[in-house]
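Report on the structure given below.
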Amino acid sequence: MATPPPTEAAAPRARGAAAPRDAHPLPWMGRELLLLGVALLCGLVLMPLLIWVAGNRVLGPYTHGQNLHAGPFALLGDFFIGLAHGSAIFWAVALGPLALLLLLRLFIRLLRALPGG
């Protein structure tokens with residue numbers, strides 16, 4: 001007795017093939033939103049703190065008005081004020097990790113599109 005041919009659900013899909021209509025589109029959207037959130041969080045919190053660490057080691061302590069030894073949270077506060085004022089430099093720092101992630105993904109996609117890649 002012969003086995004029945006595989007059904008659409010049982011057959012493996014080719015890479016890049018469209019998903020069946022009953023597949024849930026939200027898992028990839030959730031992953032994308034998670035990556036976006038992590039990149040923005042890194043740009044809003046981690047990057048200013050890394051800038052403070054590097055500046056504190058190379059240039060000396062961060063001064064904030066009359067406080068000659070202001071800490072990292074003073075720089076973080078000034079960073080958020082700069083964002084609120086719409087300064088392009090502050091926004092470039094905040095969106096830098098996201099831009100780097102998008103460029104990396106574009107580079108990988110271009111490499112995969114090359115013949116033999």
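Letters for chains follow the order of the structure tokens (A, B, ...), residue numbers begin at 1 for each chain, and ligand numbers begin at 1 in the order shown.
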
Contacts of Gly96 (chain A) within 9 Å, only C-alpha atoms, excl. fewer than 6 positions in-chain, as a ChimeraX atom specification: /A:39-40,43,47

Fewer than 6 positions away in the same chain doesn't count, so skip those; otherwise give me all residues within 12 Å of Gly37 (chain A), counting only C-alpha atoms, as number ranges by chain. A: 30-31, 43-45, 94-95, 97-98, 101

Could you tell me how far CA of Ala54 (chain A) lies from CA of Pro72 (chain A), in Å and to one decimal? 11.1 Å

If you run DSSP on the backbone here, which positions in region 61-109 of chain A get strand (DSSP E or B)? Please write them as a VMD selection string. chain A and resid 62 to 64 67 to 70

Distance criterion (only C-alpha atoms): nearest to Trp91 (chain A) out of A:Leu106, A:Pro4, A:Pro48, A:Ala113: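 Ranking A:Leu106, A:Pro4, A:Pro48, A:Ala113 by distance to Trp91 (chain A), first place goes to A:Pro48.
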
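The coordinates place CA of Leu50 (chain A) at 21.1 Å from CA of Gly65 (chain A).
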
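Between CA of Leu59 (chain A) and CA of Leu100 (chain A) lies a distance of 26.3 Å.
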
Would you please work out which residue, of A:Val93, A:Leu103, A:Ala84, A:Ala70, is nearest to Ile51 (chain A) when using only C-alpha atoms?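 Distance minimum relative to Ile51 (chain A) lands on A:Val93.
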